[in-house]
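Asks: Input file: upload-v3.cif. Contents: mmCIF, C-alpha atoms.
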data_target
loop_
_atom_site.label_atom_id
_atom_site.label_comp_id
_atom_site.auth_asym_id
_atom_site.auth_seq_id
_atom_site.Cartn_x
_atom_site.Cartn_y
_atom_site.Cartn_z
CA MET G 182 -31.41 8.92 -10.90
CA SER G 183 -30.49 7.56 -7.49
CA GLN G 184 -30.15 3.82 -7.06
CA SER G 185 -32.75 1.92 -5.06
CA LEU G 186 -31.81 0.67 -1.62
CA SER G 187 -31.08 -2.99 -1.19
CA PRO G 188 -30.02 -5.27 1.64
CA LEU G 189 -26.37 -6.25 1.81
CA HIS G 190 -25.61 -9.03 -0.66
CA ALA G 191 -24.76 -12.40 0.80
CA ALA G 192 -21.09 -12.30 1.78
CA PRO G 193 -18.60 -14.36 3.79
CA THR G 194 -18.73 -13.86 7.56
CA ARG G 195 -15.25 -12.35 7.29
CA LEU G 196 -13.98 -10.77 4.08
CA ARG G 197 -10.35 -9.71 4.45
CA VAL G 198 -8.27 -7.56 2.09
CA ALA G 199 -4.54 -7.31 2.76
CA GLY G 200 -2.89 -3.92 2.79
CA HIS G 201 0.58 -2.89 1.77
CA PHE G 202 3.56 -1.52 3.65
CA GLY G 203 4.60 1.55 1.73
CA GLU G 204 6.29 1.17 -1.61
CA LEU G 205 9.49 -0.34 -2.93
CA MET G 206 9.67 2.81 -5.01
CA GLN G 207 7.53 5.79 -5.93
CA GLY G 208 8.07 8.92 -7.97
CA ARG G 209 7.69 10.60 -11.33
CA LEU G 210 8.63 8.94 -14.61
CA GLY G 211 10.64 11.90 -15.82
CA PRO G 212 10.45 15.49 -14.51
CA ASP G 213 6.97 16.01 -15.97
CA GLY G 214 5.93 12.36 -16.22
CA PRO G 215 3.16 10.54 -14.38
CA LEU G 216 3.42 9.45 -10.78
CA ALA G 217 4.19 5.73 -10.55
CA LEU G 218 4.87 3.23 -7.81
CA ILE G 219 5.78 -0.37 -7.04
CA SER G 220 3.78 -1.39 -4.00
CA LEU G 221 4.94 -3.71 -1.22
CA PRO G 222 2.04 -6.04 -0.31
CA CYS G 223 1.81 -6.80 3.40
CA PRO G 224 -0.18 -9.84 4.53
CA ALA G 225 0.41 -8.83 8.16
CA LEU G 226 -1.94 -5.82 7.80
CA TRP G 227 -5.50 -5.93 6.51
CA VAL G 228 -9.01 -4.50 6.48
CA GLU G 229 -11.78 -6.91 7.36
CA CYS G 230 -15.41 -6.47 6.38
CA ALA G 231 -18.31 -7.99 8.34
CA GLY G 232 -21.72 -6.90 9.52
CA SER G 233 -20.79 -7.36 13.16
CA PHE G 234 -18.24 -4.55 13.29
CA PRO G 235 -19.41 -1.16 14.59
CA ALA G 236 -19.82 1.77 12.23
CA ASP G 237 -16.58 3.64 11.66
CA THR G 238 -15.17 6.48 9.61
CA LEU G 239 -12.77 4.49 7.43
CA ILE G 240 -15.06 4.80 4.39
CA SER G 241 -17.55 7.67 4.55
CA ALA G 242 -21.15 7.36 3.39
CA GLU G 243 -20.31 9.70 0.50
CA ARG G 244 -17.47 7.50 -0.69
CA LEU G 245 -19.62 4.39 -0.36
CA ASP G 246 -22.26 6.08 -2.52
CA ALA G 247 -19.60 6.99 -5.10
CA LEU G 248 -18.22 3.43 -5.10
CA CYS G 249 -21.66 1.92 -5.67
CA ALA G 250 -22.31 4.37 -8.50
CA ALA G 251 -18.94 3.70 -10.14
CA LEU G 252 -19.45 -0.07 -10.08
CA THR G 253 -23.24 -0.09 -10.60
CA LEU G 254 -23.78 -1.79 -7.26
CA PRO G 255 -26.96 -1.43 -5.19
CA ARG G 256 -26.51 0.85 -2.21
CA PRO G 257 -27.09 -1.22 0.96
CA ILE G 258 -29.59 -0.10 3.58
CA ARG G 259 -26.90 -0.66 6.19
CA ALA G 260 -23.26 -0.69 5.17
CA PRO G 261 -21.12 -3.53 6.53
CA GLY G 262 -18.62 -2.56 9.18
CA LEU G 263 -14.88 -2.37 8.57
CA ASN G 264 -12.07 -3.22 10.94
CA ALA G 265 -8.56 -2.03 9.97
CA THR G 266 -5.33 -3.28 11.55
CA MET G 267 -3.26 -0.44 10.08
CA PRO G 268 -3.41 3.24 11.05
CA PRO G 269 -5.12 5.64 8.62
CA GLY G 270 -2.50 7.85 7.02
CA GLY G 271 0.27 5.36 7.71
CA GLY G 272 0.85 4.47 4.09
CA ALA G 273 -0.50 0.93 4.42
CA GLY G 274 -3.54 1.19 2.16
CA SER G 275 -6.43 1.30 4.65
CA SER G 276 -8.66 3.39 2.36
CA THR G 277 -8.13 1.30 -0.77
CA ALA G 278 -8.41 -1.96 1.17
CA GLY G 279 -11.66 -0.72 2.69
CA LEU G 280 -13.11 0.14 -0.72
CA VAL G 281 -12.06 -3.23 -2.16
CA ALA G 282 -13.57 -5.10 0.80
CA LEU G 283 -16.85 -3.19 0.51
CA ALA G 284 -17.06 -3.71 -3.26
CA ARG G 285 -16.59 -7.46 -2.91
CA ALA G 286 -19.01 -7.69 0.01
CA LEU G 287 -21.63 -5.87 -2.06
CA GLY G 288 -21.33 -8.39 -4.88
CA PHE G 289 -18.67 -7.01 -7.24
CA THR G 290 -17.20 -9.84 -9.33
CA GLY G 291 -15.56 -7.87 -12.13
CA THR G 292 -11.92 -7.47 -13.04
CA PRO G 293 -9.32 -5.93 -10.75
CA GLU G 294 -8.65 -3.37 -13.50
CA THR G 295 -12.26 -2.18 -13.27
CA LEU G 296 -12.06 -2.03 -9.49
CA ALA G 297 -8.79 -0.07 -9.58
CA LEU G 298 -10.32 2.55 -11.89
CA ALA G 299 -13.35 2.85 -9.61
CA CYS G 300 -11.24 3.25 -6.45
CA ALA G 301 -9.14 5.95 -8.11
CA ARG G 302 -12.33 7.72 -9.22
CA VAL G 303 -13.78 7.59 -5.69
CA GLU G 304 -10.64 8.68 -3.82
CA GLY G 305 -8.60 10.47 -6.44
CA ALA G 306 -5.89 7.85 -5.87
CA SER G 307 -5.61 4.10 -5.40
CA ASP G 308 -3.17 1.47 -4.28
CA PRO G 309 -3.05 -1.75 -6.36
CA LEU G 310 -4.44 -3.94 -3.56
CA MET G 311 -7.08 -5.50 -5.80
CA PHE G 312 -4.36 -7.23 -7.84
CA THR G 313 -2.53 -10.44 -7.06
CA HIS G 314 1.22 -9.82 -6.78
CA ALA G 315 0.98 -6.02 -6.73
CA GLU G 316 4.77 -5.92 -6.38
CA ARG G 317 4.94 -7.04 -10.02
CA LEU G 318 3.15 -3.93 -11.29
CA LEU G 319 4.36 -0.46 -12.15
CA PHE G 320 1.15 1.31 -11.17
CA ALA G 321 -0.18 4.84 -11.68
CA PRO G 322 -1.94 5.59 -8.36
CA ARG G 323 -3.68 8.79 -9.43
CA THR G 324 -5.46 7.12 -12.36
CA GLY G 325 -5.65 3.52 -11.12
CA ARG G 326 -3.95 2.05 -14.18
CA ILE G 327 -1.17 -0.48 -14.73
CA LEU G 328 1.71 1.11 -16.59
CA ARG G 329 3.85 -2.00 -16.97
CA ARG G 330 4.05 -5.63 -15.85
CA LEU G 331 7.21 -6.37 -13.88
CA PRO G 332 9.15 -9.56 -13.14
CA ALA G 333 8.86 -11.67 -10.03
CA LEU G 334 11.14 -10.59 -7.20
CA PRO G 335 13.55 -12.63 -5.10
CA ARG G 336 12.38 -13.65 -1.66
CA PHE G 337 13.06 -11.22 1.15
CA GLU G 338 11.79 -10.30 4.60
CA VAL G 339 10.76 -6.93 5.95
CA LEU G 340 10.83 -5.73 9.55
CA GLY G 341 9.28 -2.35 10.11
CA GLY G 342 6.81 -0.13 11.86
CA PHE G 343 5.35 3.35 11.85
CA PHE G 344 7.58 6.31 12.69
CA GLY G 345 6.65 9.97 12.99
CA PRO G 346 3.44 11.76 12.02
CA VAL G 347 0.86 10.14 9.75
CA GLN G 348 0.22 11.69 6.35
CA ARG G 349 -2.93 11.08 4.34
CA THR G 350 -2.68 10.98 0.55
CA ASP G 351 -3.56 14.20 -1.26
CA PRO G 352 -4.70 13.26 -4.79
CA GLN G 353 -3.41 16.60 -6.10
CA ASP G 354 0.07 16.04 -4.69
CA VAL G 355 2.60 14.98 -7.33
CA ALA G 356 5.67 16.55 -5.71
CA PHE G 357 7.80 13.43 -5.90
CA PRO G 358 11.34 12.89 -7.24
CA ASP G 359 12.15 11.55 -10.68
CA ILE G 360 12.70 7.77 -10.52
CA ALA G 361 12.80 6.97 -14.24
CA ASP G 362 16.37 5.70 -13.90
CA LEU G 363 15.44 3.43 -10.98
CA VAL G 364 12.49 1.97 -12.86
CA ALA G 365 14.72 1.31 -15.87
CA ALA G 366 17.00 -0.76 -13.63
CA TRP G 367 14.08 -2.88 -12.35
CA GLN G 368 14.68 -5.72 -14.79
CA PRO G 369 14.11 -9.50 -14.94
CA GLY G 370 16.66 -11.33 -12.83
CA LEU G 371 16.81 -8.52 -10.27
CA GLY G 372 18.66 -9.86 -7.24
CA LEU G 373 18.05 -8.99 -3.61
CA ALA G 374 21.04 -6.65 -3.37
CA ALA G 375 19.88 -4.68 -6.42
CA LEU G 376 16.25 -4.62 -5.24
CA ALA G 377 17.26 -3.33 -1.81
CA SER G 378 19.59 -0.72 -3.33
CA LEU G 379 16.89 0.61 -5.67
CA ALA G 380 14.28 0.72 -2.90
CA SER G 381 16.74 2.54 -0.64
CA GLN G 382 17.54 5.10 -3.35
CA SER G 383 13.85 5.79 -3.93
CA ALA G 384 13.23 6.24 -0.20
CA ARG G 385 16.27 8.50 0.15
CA ARG G 386 15.18 10.73 -2.73
CA THR G 387 11.65 11.12 -1.37
CA LEU G 388 12.81 11.94 2.15
CA ALA G 389 15.29 14.48 0.79
CA LEU G 390 12.50 16.19 -1.15
CA ARG G 391 9.57 15.80 1.25
CA GLY G 392 10.83 14.91 4.70
CA PRO G 393 12.77 17.62 6.56
CA THR G 394 12.40 15.72 9.85
CA PRO G 395 15.39 13.46 10.64
CA ASP G 396 14.54 9.84 9.87
CA PRO G 397 16.41 6.97 11.57
CA THR G 398 15.52 4.22 9.08
CA GLU G 399 18.70 4.25 7.00
CA GLY G 400 20.87 4.27 10.10
CA LEU G 401 18.92 1.36 11.58
CA ALA G 402 19.35 -0.60 8.34
CA LYS G 403 23.13 -0.22 8.61
CA GLU G 404 23.17 -1.00 12.33
CA LEU G 405 21.15 -4.20 11.94
CA GLY G 406 22.85 -5.45 8.77
CA ALA G 407 19.83 -5.07 6.49
CA ALA G 408 20.24 -5.31 2.73
CA GLY G 409 18.36 -2.01 2.39
CA TRP G 410 15.34 -0.07 3.51
CA MET G 411 12.06 1.32 2.22
CA ILE G 412 9.30 3.74 3.21
CA ALA G 413 5.73 4.74 2.61
CA HIS G 414 6.35 7.62 0.24
CA THR G 415 3.15 9.15 1.62
CA GLY G 416 2.62 8.05 5.21
CA ASN G 417 4.89 6.95 8.05
CA ALA G 418 5.50 3.24 7.41
CA ARG G 419 9.23 2.46 7.48
CA GLY G 420 10.86 -0.91 6.87
CA LEU G 421 14.18 -2.73 6.69
CA ILE G 422 14.77 -5.27 3.90
CA PHE G 423 16.59 -8.48 4.83
CA ALA G 424 17.55 -11.71 3.11
CA PRO G 425 15.33 -14.55 4.36
CA GLU G 426 16.09 -15.76 7.89
CA THR G 427 18.69 -13.07 8.58
CA ILE G 428 16.74 -10.65 10.81
CA PRO G 429 18.67 -10.35 14.09
CA PRO G 430 16.68 -11.49 17.15
CA GLU G 431 17.07 -8.07 18.80
CA ALA G 432 15.98 -6.10 15.72
CA ALA G 433 12.32 -5.59 16.68
CA ASP G 434 13.27 -4.22 20.10
CA THR G 435 15.84 -1.95 18.45
CA LEU G 436 13.13 -0.45 16.24
CA ARG G 437 10.83 0.07 19.21
CA ARG G 438 13.56 1.85 21.15
CA ALA G 439 14.08 4.11 18.13
CA GLY G 440 10.43 5.16 18.29
CA PHE G 441 8.79 2.75 15.83
CA ALA G 442 5.20 1.79 16.68
CA ASP G 443 3.25 -1.35 15.73
CA VAL G 444 6.32 -3.29 14.60
CA VAL G 445 5.53 -5.99 12.01
CA GLN G 446 7.52 -8.67 10.21
CA PHE G 447 6.48 -10.28 6.92
CA SER G 448 7.85 -11.93 3.78
CA GLY G 449 7.82 -10.62 0.23
CA GLY G 450 8.80 -11.68 -3.25
CA GLY G 451 9.09 -15.21 -4.55
CA ASP G 452 7.60 -16.95 -7.58
CA THR G 453 4.31 -18.16 -6.06
#
As structure tokens, what does this structure read like?

Replies:
Amino acid sequence: MSQSLSPLHAAPTRLRVAGHFGELMQGRLGPDGPLALISLPCPALWVECAGSFPADTLISAERLDALCAALTLPRPIRAPGLNATMPPGGGAGSSTAGLVALARALGFTGTPETLALACARVEGASDPLMFTHAERLLFAPRTGRILRRLPALPRFEVLGGFFGPVQRTDPQDVAFPDIADLVAAWQPGLGLAALASLASQSARRTLALRGPTPDPTEGLAKELGAAGWMIAHTGNARGLIFAPETIPPEAADTLRRAGFADVVQFSGGGDT
């Protein structure tokens, strides 16, 4: 039976959900194991939900219907608008952030675990944007489940942007490299050098398997003295990992000259 229509629940004038900037690592846990990732939350990118925004195609009417059904929420007569600051298909979580923003605007107050399962059911995949400190989760994106809790990370800074063609997530796509050894090395007390090395190895393996187009990110990391680099394993976000307060002043312009669009800088890690 279809749900009855209802006005939009009372919600804040602006409801913002931060995105992510690719992943610190992503791949299979063994040759035939599940797909898993460690996300990189990005407060510099977000989806904002408010009634004043124009209608858009970020979340289709069909997906909104599926979200309301999955969470037993009333379907609004008029869906709130969404404004995204990241490009769709860039690997920054616009779809998941949009679903999370809509769910909260429509009155969802349940657990993030419930919301993650619903987002994965609606889209066939989900990023862990509904969780606080998503970088401390080994997450299964195709099922929306936490596989393991991870330790806090050291503080670091990321400078990056979007390079090359966008790539939307295909829920059926599990053609990723084995990263079981990298996950095993992600242990309490992980220092910045080790974190950057593991993220770089994961990015390198994915590009070798999936990205035949030359990618300048590793070379830029060496040129600018970064500790390492990372990517959106599906999408075109690319970033350099630096120790705090060590990003060279010319680094952003260097990335732009290399073809990076929408350059952003943000902090990650830390105990808080």

Asks: Selection in question (the file shown): the PyMOL selection byres ((chain G and resi 369-386) around 7). Which residues does it include, as a CSV table (one decimal) with C-alpha atoms, in the frame of the given file?

Replies:
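Listing of selection-v1.csv after writing:
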chain,number,residue,atom,x,y,z
G,205,LEU,CA,9.5,-0.3,-2.9
G,206,MET,CA,9.7,2.8,-5.0
G,207,GLN,CA,7.5,5.8,-5.9
G,332,PRO,CA,9.2,-9.6,-13.1
G,334,LEU,CA,11.1,-10.6,-7.2
G,335,PRO,CA,13.6,-12.6,-5.1
G,358,PRO,CA,11.3,12.9,-7.2
G,360,ILE,CA,12.7,7.8,-10.5
G,363,LEU,CA,15.4,3.4,-11.0
G,367,TRP,CA,14.1,-2.9,-12.4
G,368,GLN,CA,14.7,-5.7,-14.8
G,387,THR,CA,11.6,11.1,-1.4
G,388,LEU,CA,12.8,11.9,2.2
G,389,ALA,CA,15.3,14.5,0.8
G,390,LEU,CA,12.5,16.2,-1.2
G,408,ALA,CA,20.2,-5.3,2.7
G,409,GLY,CA,18.4,-2.0,2.4
G,410,TRP,CA,15.3,-0.1,3.5
G,411,MET,CA,12.1,1.3,2.2
G,412,ILE,CA,9.3,3.7,3.2
G,422,ILE,CA,14.8,-5.3,3.9

Asks: Quick one: residues within 10 Å of G:Phe289, all atoms listed in the file counted, chain neighbours fewer than 4 positions away excluded, as a PDB file with C-alpha atoms, in the coordinates of the input?

Replies:
ATOM      1  CA  HIS G 190     -25.610  -9.030  -0.660  1.00  0.00           C
ATOM      2  CA  CYS G 249     -21.660   1.920  -5.670  1.00  0.00           C
ATOM      3  CA  LEU G 252     -19.450  -0.070 -10.080  1.00  0.00           C
ATOM      4  CA  THR G 253     -23.240  -0.090 -10.600  1.00  0.00           C
ATOM      5  CA  LEU G 254     -23.780  -1.790  -7.260  1.00  0.00           C
ATOM      6  CA  VAL G 281     -12.060  -3.230  -2.160  1.00  0.00           C
ATOM      7  CA  ALA G 282     -13.570  -5.100   0.800  1.00  0.00           C
ATOM      8  CA  LEU G 283     -16.850  -3.190   0.510  1.00  0.00           C
ATOM      9  CA  ALA G 284     -17.060  -3.710  -3.260  1.00  0.00           C
ATOM     10  CA  ARG G 285     -16.590  -7.460  -2.910  1.00  0.00           C
ATOM     11  CA  LEU G 296     -12.060  -2.030  -9.490  1.00  0.00           C
TER      12      LEU G 296
END

Asks: Quick one: distance from atom CA of G:Ala321 to atom CA of G:Pro215 in Å, one decimal?

Replies: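 So the two atoms, atom CA of G:Ala321 and atom CA of G:Pro215, lie 7.1 Å apart.
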
Asks: Could you tell me which of G:Ala217, G:Val364, G:Leu401, G:Leu310 comes closest to G:Gly274 if we count only C-alpha atoms?

Replies: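 Going through G:Ala217, G:Val364, G:Leu401, G:Leu310 one by one, the smallest distance to G:Gly274 is for G:Leu310.
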
Asks: Expand the PyMOL selection byres ((chain G and resi 347) around 12) into the individual residues it matches in the shown file, reporting them as JSON, numbers by chain.

Replies: {"G": [267, 268, 269, 270, 271, 272, 273, 343, 344, 345, 346, 348, 349, 350, 413, 414, 415, 416, 417, 418, 419, 442]}

Asks: Export C-alpha atoms of the chosen residues as a tab-separated table (two decimals), keeping the file's coordinate frame?

Replies:
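Written out: part19.tsv:
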chain	number	residue	atom	x	y	z
G	267	MET	CA	-3.26	-0.44	10.08
G	268	PRO	CA	-3.41	3.24	11.05
G	269	PRO	CA	-5.12	5.64	8.62
G	270	GLY	CA	-2.50	7.85	7.02
G	271	GLY	CA	0.27	5.36	7.71
G	272	GLY	CA	0.85	4.47	4.09
G	273	ALA	CA	-0.50	0.93	4.42
G	343	PHE	CA	5.35	3.35	11.85
G	344	PHE	CA	7.58	6.31	12.69
G	345	GLY	CA	6.65	9.97	12.99
G	346	PRO	CA	3.44	11.76	12.02
G	348	GLN	CA	0.22	11.69	6.35
G	349	ARG	CA	-2.93	11.08	4.34
G	350	THR	CA	-2.68	10.98	0.55
G	413	ALA	CA	5.73	4.74	2.61
G	414	HIS	CA	6.35	7.62	0.24
G	415	THR	CA	3.15	9.15	1.62
G	416	GLY	CA	2.62	8.05	5.21
G	417	ASN	CA	4.89	6.95	8.05
G	418	ALA	CA	5.50	3.24	7.41
G	419	ARG	CA	9.23	2.46	7.48
G	442	ALA	CA	5.20	1.79	16.68

Asks: For the file shown, what are the residues hit by the PyMOL selection byres ((chain G and resi 277) around 9), laid out as a list in words?

Replies: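 Written out, the selection comes to Gly200, Gly274, Ser275, Ser276, Ala278, Gly279, Leu280, Val281, Ala282, Ala297, Cys300, Ala301, Glu304, Ala306, Ser307, Asp308, Pro309, Leu310 and Met311 of chain G.
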
Asks: If I take atom CA of G:Leu287 and atom CA of G:Ala315, how far is one from the other in Å, to one decimal?

Replies: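 Separating atom CA of G:Leu287 from atom CA of G:Ala315 is a distance of 23.1 Å.
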
Asks: Which one of G:Ala407, G:Trp227, G:Ile258, G:Gly341 sits closest to G:Ala439 if you count only C-alpha atoms?

Replies: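 Result for the nearest residue to G:Ala439: G:Gly341.
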
Asks: Take atom CA of G:Ala366 and atom CA of G:Leu421 and report the distance between them in Å, one decimal.

Replies: 20.6 Å
